[in-house]
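Engineer: Following this line is run12.txt, made up of compact mmCIF, C-alpha atoms and all ligand atoms:
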```txt
# COMPACT_ATOMS: atom_id res chain seq x y z
CA MET A 1345 163.64 274.10 -2.66
CA LYS A 1346 166.01 276.98 -2.08
CA ILE A 1347 165.04 279.36 0.70
CA SER A 1348 166.36 282.92 0.62
CA LYS A 1349 169.46 283.72 2.66
CA ARG A 1350 167.60 286.67 4.11
CA TYR A 1351 165.07 284.31 5.70
CA SER A 1352 167.76 282.57 7.77
CA ARG A 1353 168.40 285.87 9.56
CA LEU A 1354 164.83 286.10 10.84
CA GLY A 1355 164.35 285.51 14.57
CA THR A 1356 161.16 284.86 16.53
CA GLU A 1357 159.26 285.65 19.72
CA SER A 1358 159.69 282.75 22.11
CA ALA A 1359 156.71 283.80 24.27
CA PHE A 1360 154.56 282.09 21.62
CA GLU A 1361 156.61 278.86 21.90
CA ILE A 1362 156.28 278.95 25.68
CA LEU A 1363 152.52 279.43 25.31
CA SER A 1364 152.38 276.27 23.13
CA LYS A 1365 154.51 274.32 25.64
CA ALA A 1366 152.30 275.45 28.52
CA GLN A 1367 149.16 274.53 26.57
CA LYS A 1368 150.60 271.09 25.81
CA LEU A 1369 151.39 270.44 29.49
CA ALA A 1370 147.89 271.65 30.44
CA SER A 1371 146.34 269.30 27.87
CA GLU A 1372 148.22 266.44 29.57
CA GLY A 1373 146.40 267.26 32.78
CA ARG A 1374 149.04 269.43 34.51
CA GLU A 1375 147.90 272.58 36.29
CA ILE A 1376 149.78 275.36 34.53
CA ILE A 1377 149.62 279.05 35.38
CA ASN A 1378 150.64 281.20 32.47
CA LEU A 1379 152.70 284.23 33.40
CA GLY A 1380 154.47 284.10 30.05
CA ILE A 1381 152.22 285.80 27.56
CA GLY A 1382 152.01 289.56 27.08
CA GLN A 1383 148.32 290.16 26.71
CA PRO A 1384 145.83 291.68 29.17
CA ASP A 1385 143.62 288.98 30.73
CA PHE A 1386 140.55 291.20 30.37
CA SER A 1387 137.81 290.97 27.78
CA THR A 1388 137.50 293.70 25.19
CA PRO A 1389 134.92 296.27 26.40
CA LYS A 1390 131.40 295.12 25.53
CA HIS A 1391 130.45 298.28 23.63
CA VAL A 1392 133.45 297.65 21.34
CA VAL A 1393 132.39 294.06 20.63
CA ASP A 1394 128.81 295.22 20.04
CA SER A 1395 129.91 297.90 17.58
CA CYS A 1396 131.80 295.27 15.57
CA LYS A 1397 128.76 292.99 15.47
CA LYS A 1398 126.62 295.90 14.32
CA ALA A 1399 129.18 296.86 11.67
CA LEU A 1400 129.01 293.34 10.26
CA ASP A 1401 125.20 293.50 10.23
CA ASP A 1402 125.41 296.90 8.58
CA GLY A 1403 127.49 295.52 5.72
CA TYR A 1404 131.07 296.47 6.52
CA HIS A 1405 132.38 293.53 4.50
CA GLY A 1406 134.67 294.97 1.87
CA TYR A 1407 138.13 296.43 1.44
CA THR A 1408 138.85 299.82 2.97
CA GLU A 1409 141.57 302.38 2.28
CA PRO A 1410 144.91 300.60 2.82
CA ASN A 1411 146.06 303.19 5.37
CA GLY A 1412 142.77 302.91 7.32
CA THR A 1413 139.37 304.54 6.93
CA LEU A 1414 139.26 308.32 7.14
CA GLU A 1415 136.78 308.06 10.06
CA LEU A 1416 139.20 305.95 12.08
CA ARG A 1417 142.25 308.05 11.21
CA GLU A 1418 140.35 311.16 12.27
CA GLY A 1419 139.32 309.30 15.41
CA VAL A 1420 142.98 308.57 16.19
CA SER A 1421 143.85 312.21 15.52
CA ASN A 1422 141.14 313.30 18.01
CA TYR A 1423 142.36 310.72 20.52
CA ILE A 1424 145.93 312.06 20.27
CA GLN A 1425 144.54 315.56 20.81
CA ARG A 1426 142.55 314.39 23.85
CA ILE A 1427 145.33 312.37 25.48
CA TYR A 1428 148.45 314.37 24.58
CA ASN A 1429 147.02 317.75 23.62
CA THR A 1430 148.89 317.50 20.31
CA LYS A 1431 147.59 318.00 16.79
CA ILE A 1432 148.49 315.25 14.32
CA ASP A 1433 146.82 315.43 10.93
CA SER A 1434 144.88 312.29 9.99
CA SER A 1435 146.91 312.12 6.74
CA ARG A 1436 149.96 311.10 8.83
CA ILE A 1437 148.11 308.37 10.69
CA PHE A 1438 148.31 304.78 9.53
CA ILE A 1439 146.09 301.88 10.63
CA SER A 1440 147.62 298.40 10.56
CA PRO A 1441 146.73 294.87 11.66
CA GLY A 1442 148.37 295.19 15.09
CA GLY A 1443 151.48 297.09 16.09
CA LYS A 1444 153.94 294.60 14.61
CA PRO A 1445 153.57 295.61 10.94
CA THR A 1446 154.82 299.07 11.92
CA ILE A 1447 158.09 297.47 13.03
CA PHE A 1448 158.21 295.34 9.86
CA PHE A 1449 157.50 298.28 7.54
CA THR A 1450 159.96 300.59 9.30
CA MET A 1451 162.73 298.06 8.74
CA MET A 1452 161.66 297.47 5.12
CA LEU A 1453 161.84 301.22 4.50
CA LEU A 1454 165.01 302.12 6.38
CA GLY A 1455 167.09 298.97 6.82
CA GLU A 1456 169.56 297.54 4.30
CA GLU A 1457 173.10 296.19 4.05
CA GLY A 1458 175.72 298.70 5.07
CA SER A 1459 173.47 300.56 7.52
CA GLU A 1460 173.02 300.32 11.29
CA ILE A 1461 169.97 300.43 13.54
CA ILE A 1462 170.13 300.92 17.31
CA TYR A 1463 167.68 298.86 19.38
CA PRO A 1464 167.10 298.27 23.11
CA GLU A 1465 168.47 295.17 24.86
CA PRO A 1466 166.67 293.70 26.73
CA GLY A 1467 163.95 294.43 24.21
CA PHE A 1468 161.01 293.11 22.24
CA PRO A 1469 162.68 290.36 20.15
CA ILE A 1470 161.00 291.40 16.90
CA TYR A 1471 163.21 294.54 16.70
CA LYS A 1472 166.45 292.62 16.33
CA SER A 1473 164.84 289.93 14.21
CA MET A 1474 163.52 292.48 11.72
CA ILE A 1475 166.71 294.56 11.70
CA ASN A 1476 168.65 291.42 10.79
CA TYR A 1477 166.09 290.50 8.15
CA SER A 1478 166.43 293.92 6.54
CA GLY A 1479 170.21 293.43 6.24
CA SER A 1480 171.05 296.28 8.60
CA LYS A 1481 173.47 295.77 11.46
CA ALA A 1482 171.65 295.56 14.81
CA VAL A 1483 173.44 297.72 17.40
CA PRO A 1484 172.25 297.15 20.99
CA MET A 1485 171.66 299.96 23.46
CA TYR A 1486 171.96 298.17 26.79
CA LEU A 1487 169.32 298.94 29.40
CA LYS A 1488 170.97 298.22 32.70
CA GLU A 1489 169.46 296.98 35.92
CA GLU A 1490 171.46 299.57 37.90
CA ASN A 1491 169.71 302.30 35.84
CA ASN A 1492 166.29 300.77 36.51
CA PHE A 1493 166.44 299.55 32.90
CA SER A 1494 166.21 303.08 31.57
CA PHE A 1495 168.66 304.33 28.95
CA ASP A 1496 171.26 307.01 29.24
CA ALA A 1497 170.71 309.46 26.36
CA GLY A 1498 174.44 310.26 26.21
CA GLU A 1499 175.29 306.58 25.78
CA VAL A 1500 172.70 306.16 23.03
CA LEU A 1501 173.98 309.22 21.16
CA ASN A 1502 177.51 307.79 21.39
CA LEU A 1503 176.37 304.74 19.40
CA ILE A 1504 175.47 306.88 16.39
CA ASN A 1505 177.82 306.97 13.39
CA ASP A 1506 177.34 307.89 9.75
CA LYS A 1507 175.80 304.48 9.01
CA THR A 1508 173.06 304.87 11.63
CA ARG A 1509 169.60 305.10 10.08
CA LEU A 1510 167.30 304.58 13.04
CA ILE A 1511 167.05 304.42 16.82
CA ILE A 1512 164.30 302.29 18.33
CA ILE A 1513 163.01 303.18 21.75
CA ASN A 1514 160.22 301.44 23.64
CA ASN A 1515 158.46 303.17 26.49
CA PRO A 1516 157.02 301.77 28.75
CA GLN A 1517 159.31 298.89 28.06
CA ASN A 1518 158.87 295.23 27.28
CA PRO A 1519 160.26 293.08 29.00
CA THR A 1520 161.33 295.19 31.98
CA GLY A 1521 158.24 297.37 32.52
CA ALA A 1522 160.58 300.35 32.86
CA LEU A 1523 159.15 303.79 32.27
CA ILE A 1524 161.87 305.94 30.76
CA ASP A 1525 162.02 309.37 32.26
CA GLU A 1526 160.93 312.41 30.24
CA LYS A 1527 164.29 314.01 31.11
CA GLU A 1528 166.26 311.33 29.29
CA ILE A 1529 163.94 311.51 26.27
CA LYS A 1530 164.35 315.28 26.11
CA LYS A 1531 168.13 314.87 26.20
CA LEU A 1532 167.98 312.30 23.42
CA VAL A 1533 165.84 314.55 21.22
CA GLU A 1534 168.13 317.51 21.84
CA GLY A 1535 171.21 315.41 21.03
CA LEU A 1536 169.58 314.22 17.80
CA ARG A 1537 169.80 317.78 16.45
CA ASN A 1538 173.40 316.87 15.60
CA PHE A 1539 172.26 313.86 13.59
CA PRO A 1540 169.52 315.12 11.23
CA ASN A 1541 169.51 311.93 9.14
CA VAL A 1542 168.78 309.55 12.00
CA CYS A 1543 165.11 308.50 12.34
CA ILE A 1544 163.38 307.40 15.54
CA LEU A 1545 160.85 304.62 16.01
CA SER A 1546 159.13 305.12 19.34
CA ASP A 1547 157.18 302.01 20.30
CA GLU A 1548 154.52 303.26 22.72
CA ILE A 1549 152.19 300.25 22.63
CA TYR A 1550 152.00 300.30 26.47
CA SER A 1551 151.20 304.03 26.58
CA ARG A 1552 148.06 303.53 28.68
CA GLN A 1553 149.74 301.20 31.17
CA ILE A 1554 151.49 303.68 33.44
CA TYR A 1555 151.46 303.69 37.24
CA ASP A 1556 151.62 306.16 40.09
CA GLY A 1557 149.73 308.90 38.23
CA LYS A 1558 152.67 309.60 35.90
CA LYS A 1559 152.19 311.06 32.45
CA MET A 1560 153.15 309.19 29.28
CA PRO A 1561 156.36 310.81 27.95
CA THR A 1562 155.35 310.42 24.31
CA LEU A 1563 157.67 311.41 21.49
CA LEU A 1564 154.60 313.00 19.88
CA ASN A 1565 155.33 315.97 22.13
CA TYR A 1566 158.44 316.84 20.06
CA PRO A 1567 157.31 318.44 16.77
CA GLU A 1568 160.93 319.32 15.95
CA ILE A 1569 161.52 315.66 15.01
CA TYR A 1570 158.19 314.98 13.26
CA GLU A 1571 159.86 314.71 9.86
CA ARG A 1572 161.83 311.65 11.08
CA LEU A 1573 159.63 310.23 13.82
CA ILE A 1574 157.52 307.08 13.68
CA VAL A 1575 155.30 306.41 16.69
CA LEU A 1576 153.81 302.95 17.14
CA ASP A 1577 150.72 302.46 19.29
CA GLY A 1578 147.50 300.50 19.04
CA TRP A 1579 144.54 298.83 20.63
CA SER A 1580 146.14 295.50 21.66
CA LYS A 1581 147.25 296.39 25.17
CA SER A 1582 145.18 299.52 25.92
CA TYR A 1583 141.78 297.98 25.15
CA ALA A 1584 142.63 294.27 25.58
CA MET A 1585 142.29 293.71 21.82
CA THR A 1586 145.37 291.61 20.97
CA GLY A 1587 143.38 289.17 18.82
CA TRP A 1588 141.61 291.88 16.81
CA ARG A 1589 144.88 292.90 15.16
CA LEU A 1590 144.56 296.65 15.28
CA GLY A 1591 147.40 299.14 15.49
CA TRP A 1592 147.87 302.81 14.74
CA SER A 1593 151.04 304.70 13.99
CA VAL A 1594 152.12 308.22 13.13
CA TRP A 1595 154.58 308.69 10.26
CA PRO A 1596 156.58 311.51 8.72
CA GLU A 1597 154.69 313.08 5.82
CA LYS A 1598 157.38 311.84 3.41
CA LEU A 1599 156.94 308.19 4.39
CA ILE A 1600 153.18 307.80 4.58
CA LYS A 1601 152.71 306.99 0.86
CA LYS A 1602 155.61 304.57 1.01
CA VAL A 1603 154.27 302.68 4.01
CA THR A 1604 150.83 302.56 2.37
CA LYS A 1605 152.44 300.90 -0.66
CA LEU A 1606 153.87 298.23 1.64
CA ALA A 1607 150.35 297.62 3.00
CA ILE A 1608 148.95 297.30 -0.53
CA ASN A 1609 151.68 294.79 -1.32
CA SER A 1610 151.01 292.65 1.75
CA TYR A 1611 147.58 292.65 3.45
CA SER A 1612 145.63 295.37 1.53
CA CYS A 1613 143.79 296.77 4.57
CA VAL A 1614 142.59 296.05 8.09
CA ALA A 1615 139.22 294.25 8.45
CA ALA A 1616 136.49 296.86 7.89
CA ALA A 1617 134.29 295.94 10.86
CA ASN A 1618 137.31 295.91 13.18
CA GLN A 1619 138.05 299.48 12.20
CA VAL A 1620 134.53 300.47 13.28
CA ALA A 1621 135.15 298.75 16.63
CA ALA A 1622 138.52 300.49 16.97
CA LEU A 1623 136.83 303.87 16.65
CA ALA A 1624 134.23 302.88 19.27
CA ALA A 1625 137.08 302.00 21.66
CA LEU A 1626 138.78 305.38 21.24
CA GLU A 1627 135.55 307.32 21.54
CA GLY A 1628 134.30 305.38 24.58
CA SER A 1629 134.99 306.35 28.16
CA ASP A 1630 138.33 305.63 29.84
CA GLU A 1631 136.61 303.66 32.58
CA PHE A 1632 137.77 300.33 31.15
CA ILE A 1633 141.42 301.42 31.14
CA ASP A 1634 141.12 302.93 34.63
CA ASN A 1635 139.67 299.71 36.06
CA MET A 1636 142.26 297.57 34.31
CA MET A 1637 145.06 299.75 35.68
CA THR A 1638 143.69 299.64 39.23
CA GLU A 1639 143.86 295.86 39.04
CA PHE A 1640 147.31 295.82 37.39
CA ALA A 1641 148.62 298.14 40.13
CA ARG A 1642 147.36 295.74 42.82
CA ARG A 1643 149.06 292.82 41.09
CA ARG A 1644 152.26 294.81 40.60
CA GLU A 1645 152.56 295.24 44.39
CA LEU A 1646 151.87 291.56 44.92
CA ILE A 1647 154.38 290.24 42.40
CA VAL A 1648 157.19 292.69 43.21
CA ASN A 1649 156.91 292.13 46.97
CA GLY A 1650 156.37 288.40 46.52
CA LEU A 1651 159.42 287.92 44.27
CA ASN A 1652 161.63 290.08 46.49
CA SER A 1653 160.65 287.91 49.47
CA ILE A 1654 162.07 284.81 47.76
CA LYS A 1655 165.72 284.23 48.58
CA GLY A 1656 168.02 284.97 45.64
CA ILE A 1657 165.51 286.98 43.59
CA LYS A 1658 165.84 290.72 43.12
CA CYS A 1659 162.97 292.54 41.44
CA ILE A 1660 162.77 296.21 40.49
CA LYS A 1661 159.32 297.81 40.75
CA PRO A 1662 158.46 298.85 37.20
CA GLY A 1663 156.71 302.10 36.24
CA GLY A 1664 154.68 300.75 33.32
CA ALA A 1665 153.29 297.83 31.26
CA PHE A 1666 152.48 294.57 33.08
CA TYR A 1667 155.86 292.89 33.26
CA VAL A 1668 158.58 292.46 35.85
CA PHE A 1669 162.12 291.42 34.95
CA PRO A 1670 163.74 290.07 38.10
CA ASN A 1671 167.38 289.07 38.46
CA VAL A 1672 167.54 285.42 39.56
CA ALA A 1673 171.33 284.92 39.51
CA GLN A 1674 171.58 284.60 43.30
CA THR A 1675 169.32 281.53 43.24
CA GLY A 1676 172.27 279.69 41.69
CA MET A 1677 170.35 279.27 38.43
CA ASN A 1678 170.55 281.27 35.26
CA GLY A 1679 167.34 282.64 33.76
CA GLU A 1680 166.91 279.75 31.34
CA ILE A 1681 167.25 277.04 33.98
CA PHE A 1682 165.05 279.05 36.35
CA ALA A 1683 162.30 279.42 33.72
CA GLU A 1684 162.51 275.74 32.81
CA LYS A 1685 162.22 274.73 36.47
CA CYS A 1686 159.32 277.11 36.97
CA LEU A 1687 157.42 275.48 34.11
CA ASN A 1688 158.33 271.84 34.58
CA THR A 1689 158.41 271.64 38.39
CA ALA A 1690 156.23 274.49 39.64
CA GLY A 1691 153.84 274.62 36.66
CA VAL A 1692 154.35 278.35 36.12
CA ALA A 1693 155.12 279.51 32.58
CA ILE A 1694 157.51 282.47 32.37
CA VAL A 1695 159.99 283.66 29.75
CA PRO A 1696 163.80 283.48 30.15
CA GLY A 1697 165.62 286.80 29.84
CA THR A 1698 167.66 285.55 26.90
CA SER A 1699 164.49 285.70 24.77
CA PHE A 1700 164.96 289.49 24.99
CA GLY A 1701 168.68 289.62 24.28
CA LYS A 1702 171.79 287.47 24.58
CA SER A 1703 173.11 289.55 27.47
CA CYS A 1704 170.09 288.88 29.72
CA THR A 1705 171.24 285.53 31.12
CA ASP A 1706 170.51 286.47 34.77
CA PHE A 1707 166.90 287.49 34.21
CA VAL A 1708 163.41 286.15 33.58
CA ARG A 1709 160.20 287.94 32.57
CA PHE A 1710 156.94 287.52 34.44
CA SER A 1711 153.77 288.92 32.91
CA TYR A 1712 151.22 289.72 35.60
CA ALA A 1713 148.37 289.62 33.13
CA ASN A 1714 146.80 286.84 35.16
CA SER A 1715 144.47 286.86 38.16
CA TYR A 1716 145.62 288.04 41.60
CA GLU A 1717 144.86 284.54 42.95
CA ASN A 1718 146.93 282.83 40.26
CA ILE A 1719 149.86 285.17 40.90
CA GLU A 1720 149.64 284.38 44.65
CA LYS A 1721 149.56 280.67 43.87
CA SER A 1722 152.53 280.98 41.46
CA LEU A 1723 154.62 282.78 44.06
CA GLU A 1724 153.93 280.01 46.58
CA LYS A 1725 154.85 277.33 44.05
CA ILE A 1726 158.07 279.10 43.06
CA LYS A 1727 159.02 279.62 46.71
CA LYS A 1728 158.75 275.87 47.19
CA ILE A 1729 161.11 274.99 44.35
CA ILE A 1730 163.84 277.47 45.28
N1 LIG A 1801 155.70 296.32 20.64
C1 LIG A 1801 155.91 295.76 21.84
C2 LIG A 1801 156.95 296.32 22.73
C3 LIG A 1801 155.18 294.64 22.24
O1 LIG A 1801 155.41 294.10 23.43
C4 LIG A 1801 154.21 294.12 21.35
C5 LIG A 1801 153.44 292.93 21.70
O2 LIG A 1801 153.69 292.22 22.63
C6 LIG A 1801 154.03 294.75 20.11
C7 LIG A 1801 154.79 295.85 19.79
C8 LIG A 1801 153.08 294.21 19.10
O3 LIG A 1801 151.77 294.45 19.40
P1 LIG A 1801 150.60 293.89 18.49
O4 LIG A 1801 150.06 292.66 19.16
O5 LIG A 1801 149.60 295.00 18.44
O6 LIG A 1801 151.17 293.58 17.15
```
So, in terms of structure tokens, how does the structure I just supplied come out?
Ligand code: PLP
Structural biologist:
Amino acid sequence: MKISKRYSRLGTESAFEILSKAQKLASEGREIINLGIGQPDFSTPKHVVDSCKKALDDGYHGYTEPNGTLELREGVSNYIQRIYNTKIDSSRIFISPGGKPTIFFTMMLLGEEGSEIIYPEPGFPIYKSMINYSGSKAVPMYLKEENNFSFDAGEVLNLINDKTRLIIINNPQNPTGALIDEKEIKKLVEGLRNFPNVCILSDEIYSRQIYDGKKMPTLLNYPEIYERLIVLDGWSKSYAMTGWRLGWSVWPEKLIKKVTKLAINSYSCVAAANQVAALAALEGSDEFIDNMMTEFARRRELIVNGLNSIKGIKCIKPGGAFYVFPNVAQTGMNGEIFAEKCLNTAGVAIVPGTSFGKSCTDFVRFSYANSYENIEKSLEKIKKII
């Protein structure tokens, strides 16, 4: 069997491998606390589950429009209006099975040999994996600890050349939890006036996980770049619906038919009953998100203070998502050894920084999507092994 050369360029997301390792150790009788996986540890709101059950009873069993039902796309349009006070026509909205296909399809549409795509490092590993798969050259924009893992718009603009097709930004950010300041985003958008052929993919999947009463600095607030802007969002993190596989995205008018064709060629459409549930989530009250964020904020305090109290660990307090990305270099271990020791000796699963970029050797990612008690316990266990 001959496998395509292209396939050998595909990477992966090691959080899933760590999850399997942790599950294996747990099945052998070890007590393992999982701070590795990036999914809210809350159940999907009951009214959402109920609406899906009802949809199945009501006969939502068939194919739907490949870009999502009109009802759901209009629901997303209304949601965008409610949250951001911005009008996006439902014809530019695309429903996909999770947020990931938006990354896949963007690369399939824009990436190819001879072109370049700028992506954040540290960053969600699928960006680089998919850029490589497309044949494009992956150009890192380094998010530095001394900048609170935000980017400097001037530095990003300096990376652009005539081969650049796309810039990927992710805000709030995985794995650092950084919330990039509106000021920097504004500067980037202004600078992009000089590069009219460069598109932007703004991954805003953590848009509802923002602390300290700050507003989400969405790229949807910049109509001047709508003809080259793709915004990725979805239900996975906001409504604790990772396993439902539901994402929404906003596309330039020119690309919407093209991305729909990619859907027809791959999965046809998102499960009909899930789309009914997705609409129920958007139209329901924000109480679920508010409660989830109150709890995440409590845990953020605990984990940031707890990690900073351990000798050799330095942890920045993040402005969004549910991750921290501490520097562990002063413990005498690099991130990979630290993560291995955490799992094998302390029984705490975390992800080494290098899973998010080669340059991140000094770091590890903790997800605090686990109970307050388990986070307390993990901190005690880690303290003991340092
Ligand atoms: N983008 C980022 C930054 C993520 O962290 C994730 C999931 O962890 C995704 C996209 C994909 O989300 P989904 O599970 O909806 O495909």
Engineer: Show me, as CSV, the residues of chain A having an atom within 10 Å of ligand LIG 1801 (chain A), each with the closest atom pair and its distance in Å, using only C-alpha atoms and all ligand atoms.
Structural biologist:
```
residue,atom,partner,partner_atom,distance
A:Glu1357,CA,A:LIG1801,O2,9.1
A:Ala1359,CA,A:LIG1801,O2,9.1
A:Ile1381,CA,A:LIG1801,O2,8.2
A:Gly1382,CA,A:LIG1801,O2,5.4
A:Gln1383,CA,A:LIG1801,O2,7.1
A:Ser1440,CA,A:LIG1801,O5,8.8
A:Pro1441,CA,A:LIG1801,O6,7.2
A:Gly1442,CA,A:LIG1801,O5,3.6
A:Gly1443,CA,A:LIG1801,O5,3.7
A:Lys1444,CA,A:LIG1801,O6,3.9
A:Pro1445,CA,A:LIG1801,O6,7.0
A:Thr1446,CA,A:LIG1801,O6,8.4
A:Ile1447,CA,A:LIG1801,C7,7.7
A:Gly1467,CA,A:LIG1801,C2,7.4
A:Phe1468,CA,A:LIG1801,C2,5.2
A:Pro1469,CA,A:LIG1801,C2,8.7
A:Ile1470,CA,A:LIG1801,N1,8.1
A:Tyr1471,CA,A:LIG1801,N1,8.7
A:Ile1513,CA,A:LIG1801,C2,9.2
A:Asn1514,CA,A:LIG1801,C2,6.1
A:Asn1515,CA,A:LIG1801,C2,8.0
A:Pro1516,CA,A:LIG1801,C2,8.1
A:Gln1517,CA,A:LIG1801,C2,6.4
A:Asn1518,CA,A:LIG1801,C2,5.1
A:Pro1519,CA,A:LIG1801,O1,7.5
A:Gly1521,CA,A:LIG1801,C2,9.9
A:Ser1546,CA,A:LIG1801,N1,9.5
A:Asp1547,CA,A:LIG1801,N1,5.9
A:Glu1548,CA,A:LIG1801,N1,7.3
A:Ile1549,CA,A:LIG1801,N1,5.6
A:Tyr1550,CA,A:LIG1801,C2,7.4
A:Leu1576,CA,A:LIG1801,C7,7.6
A:Asp1577,CA,A:LIG1801,O5,7.6
A:Gly1578,CA,A:LIG1801,O5,5.9
A:Trp1579,CA,A:LIG1801,O5,6.7
A:Ser1580,CA,A:LIG1801,O5,4.8
A:Lys1581,CA,A:LIG1801,O5,7.3
A:Ser1582,CA,A:LIG1801,O5,9.8
A:Ala1584,CA,A:LIG1801,O4,10.0
A:Met1585,CA,A:LIG1801,O5,8.2
A:Thr1586,CA,A:LIG1801,O4,5.1
A:Gly1587,CA,A:LIG1801,O4,7.5
A:Trp1588,CA,A:LIG1801,O5,8.7
A:Arg1589,CA,A:LIG1801,O5,6.1
A:Leu1590,CA,A:LIG1801,O5,6.2
A:Gly1591,CA,A:LIG1801,O5,5.5
A:Trp1592,CA,A:LIG1801,O5,8.8
A:Ala1665,CA,A:LIG1801,O1,8.9
A:Tyr1667,CA,A:LIG1801,O1,9.9
```
Engineer: What does the distance from atom CA of Tyr1570 of chain A to atom CA of Arg1436 of chain A come to in Å, to one decimal?
Structural biologist: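 Between atom CA of Tyr1570 of chain A and atom CA of Arg1436 of chain A the gap is 10.1 Å.
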Engineer: Hey, which of A:His1405, A:Lys1558, A:Lys1531, A:Lys1507 ends up closest to Ala1617 of chain A? Count all atoms listed in the file.
Structural biologist: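 Nearest to Ala1617 of chain A: A:His1405.
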Engineer: Kindly give the distance, in Å, that separates atom CA of Tyr1463 of chain A and atom CA of Ile1475 of chain A, rounded to a single decimal.
Structural biologist: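 One can read the atom CA of Tyr1463 of chain A to atom CA of Ile1475 of chain A distance as 8.9 Å.
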Engineer: Quote the spacing between atom CA of Cys1704 of chain A and atom CA of Leu1379 of chain A in Å to one decimal place.
Structural biologist: 18.4 Å
Engineer: Measuring atom to atom with all atoms listed in the file, identify which of A:Ser1480, A:Ser1703, A:Ser1612, A:Asn1565 is nearest to Lys1431 of chain A.
Structural biologist: A:Asn1565
Engineer: Which residues come within 9 Å of Leu1454 of chain A, counting only C-alpha atoms, excluding same-chain residues fewer than 5 positions away, as a PyMOL selection string?
Structural biologist: chain A and resi 1449+1459+1461+1478+1480+1509-1510+1543
Engineer: Using all atoms listed in the file, which protein or nucleic acid residues come within 8 Å of segment 1498-1505 of chain A? Drop anything in the same chain fewer than 6 positions from it, and give the result as an mmCIF file with C-alpha atoms, keeping the file's coordinate frame.
Structural biologist:
```cif
data_model
loop_
_atom_site.group_PDB
_atom_site.id
_atom_site.type_symbol
_atom_site.label_atom_id
_atom_site.label_comp_id
_atom_site.auth_asym_id
_atom_site.auth_seq_id
_atom_site.Cartn_x
_atom_site.Cartn_y
_atom_site.Cartn_z
ATOM 1 C CA ILE A 1462 170.130 300.920 17.310
ATOM 2 C CA VAL A 1483 173.440 297.720 17.400
ATOM 3 C CA MET A 1485 171.660 299.960 23.460
ATOM 4 C CA LYS A 1531 168.130 314.870 26.200
ATOM 5 C CA LEU A 1532 167.980 312.300 23.420
ATOM 6 C CA GLY A 1535 171.210 315.410 21.030
ATOM 7 C CA LEU A 1536 169.580 314.220 17.800
#
```
Engineer: Near Thr1408 of chain A, within 12 Å and counting all atoms listed in the file, which residues show up once chain neighbours fewer than 4 positions away are dropped, as a VMD selection string?
Structural biologist: chain A and resid 1404 1412 to 1416 1439 to 1440 1607 to 1608 1611 to 1620
Engineer: Could I get the residues of segment 1524-1575 of chain A with an atom no further than 12 Å from an atom of segment 1626-1633 of chain A, each paired with its nearest atom pair and that distance in Å to one decimal, using all atoms listed in the file, sorted by chain and residue number, as a tab-separated table?
Structural biologist:
```
residue	atom	partner	partner_atom	distance
A:Tyr1550	CA	A:Ile1633	CA	11.6
A:Ser1551	CA	A:Ile1633	CA	11.1
A:Arg1552	CA	A:Ile1633	CA	7.4
A:Gln1553	CA	A:Ile1633	CA	8.3
A:Ile1554	CA	A:Ile1633	CA	10.6
A:Tyr1555	CA	A:Ile1633	CA	12.0
```
Engineer: Out of A:Ile1654, A:Gly1419, A:Gly1380, A:Lys1598, which residue has the shortest atom-to-atom distance to Leu1453 of chain A when counting all atoms listed in the file?
Structural biologist: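 Ranking A:Ile1654, A:Gly1419, A:Gly1380, A:Lys1598 by distance to Leu1453 of chain A, first place goes to A:Lys1598.
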Engineer: Looking at A:Asn1671, A:Glu1465, A:Pro1484, A:Thr1450, which one is nearest to Ile1574 of chain A, with distances taken over all atoms listed in the file?
Structural biologist: A:Thr1450
Engineer: Select, from A:Asn1476, A:Ser1421, A:Asn1492, A:Thr1388, the residue with the minimum atom-to-atom distance to Ile1660 of chain A, counting only C-alpha atoms.
Structural biologist: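 Going through A:Asn1476, A:Ser1421, A:Asn1492, A:Thr1388 one by one, the smallest distance to Ile1660 of chain A is for A:Asn1492.
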Engineer: Give me the residues near Lys1661 of chain A as a VMD selection string, where near means some atom within 12 Å (using all atoms listed in the file) and where sequence neighbours in that chain fewer than 3 positions away do not count.
Structural biologist: chain A and resid 1489 1492 to 1493 1520 to 1523 1555 to 1556 1641 1643 to 1652 1658 1664 to 1670
Engineer: Would you mind exporting C-alpha atoms of the selected residues as a compact mmCIF listing (two decimals), in the frame of the given file?
Structural biologist:
```
# COMPACT_ATOMS: atom_id res chain seq x y z
CA GLU A 1489 169.46 296.98 35.92
CA ASN A 1492 166.29 300.77 36.51
CA PHE A 1493 166.44 299.55 32.90
CA THR A 1520 161.33 295.19 31.98
CA GLY A 1521 158.24 297.37 32.52
CA ALA A 1522 160.58 300.35 32.86
CA LEU A 1523 159.15 303.79 32.27
CA TYR A 1555 151.46 303.69 37.24
CA ASP A 1556 151.62 306.16 40.09
CA ALA A 1641 148.62 298.14 40.13
CA ARG A 1643 149.06 292.82 41.09
CA ARG A 1644 152.26 294.81 40.60
CA GLU A 1645 152.56 295.24 44.39
CA LEU A 1646 151.87 291.56 44.92
CA ILE A 1647 154.38 290.24 42.40
CA VAL A 1648 157.19 292.69 43.21
CA ASN A 1649 156.91 292.13 46.97
CA GLY A 1650 156.37 288.40 46.52
CA LEU A 1651 159.42 287.92 44.27
CA ASN A 1652 161.63 290.08 46.49
CA LYS A 1658 165.84 290.72 43.12
CA GLY A 1664 154.68 300.75 33.32
CA ALA A 1665 153.29 297.83 31.26
CA PHE A 1666 152.48 294.57 33.08
CA TYR A 1667 155.86 292.89 33.26
CA VAL A 1668 158.58 292.46 35.85
CA PHE A 1669 162.12 291.42 34.95
CA PRO A 1670 163.74 290.07 38.10
```
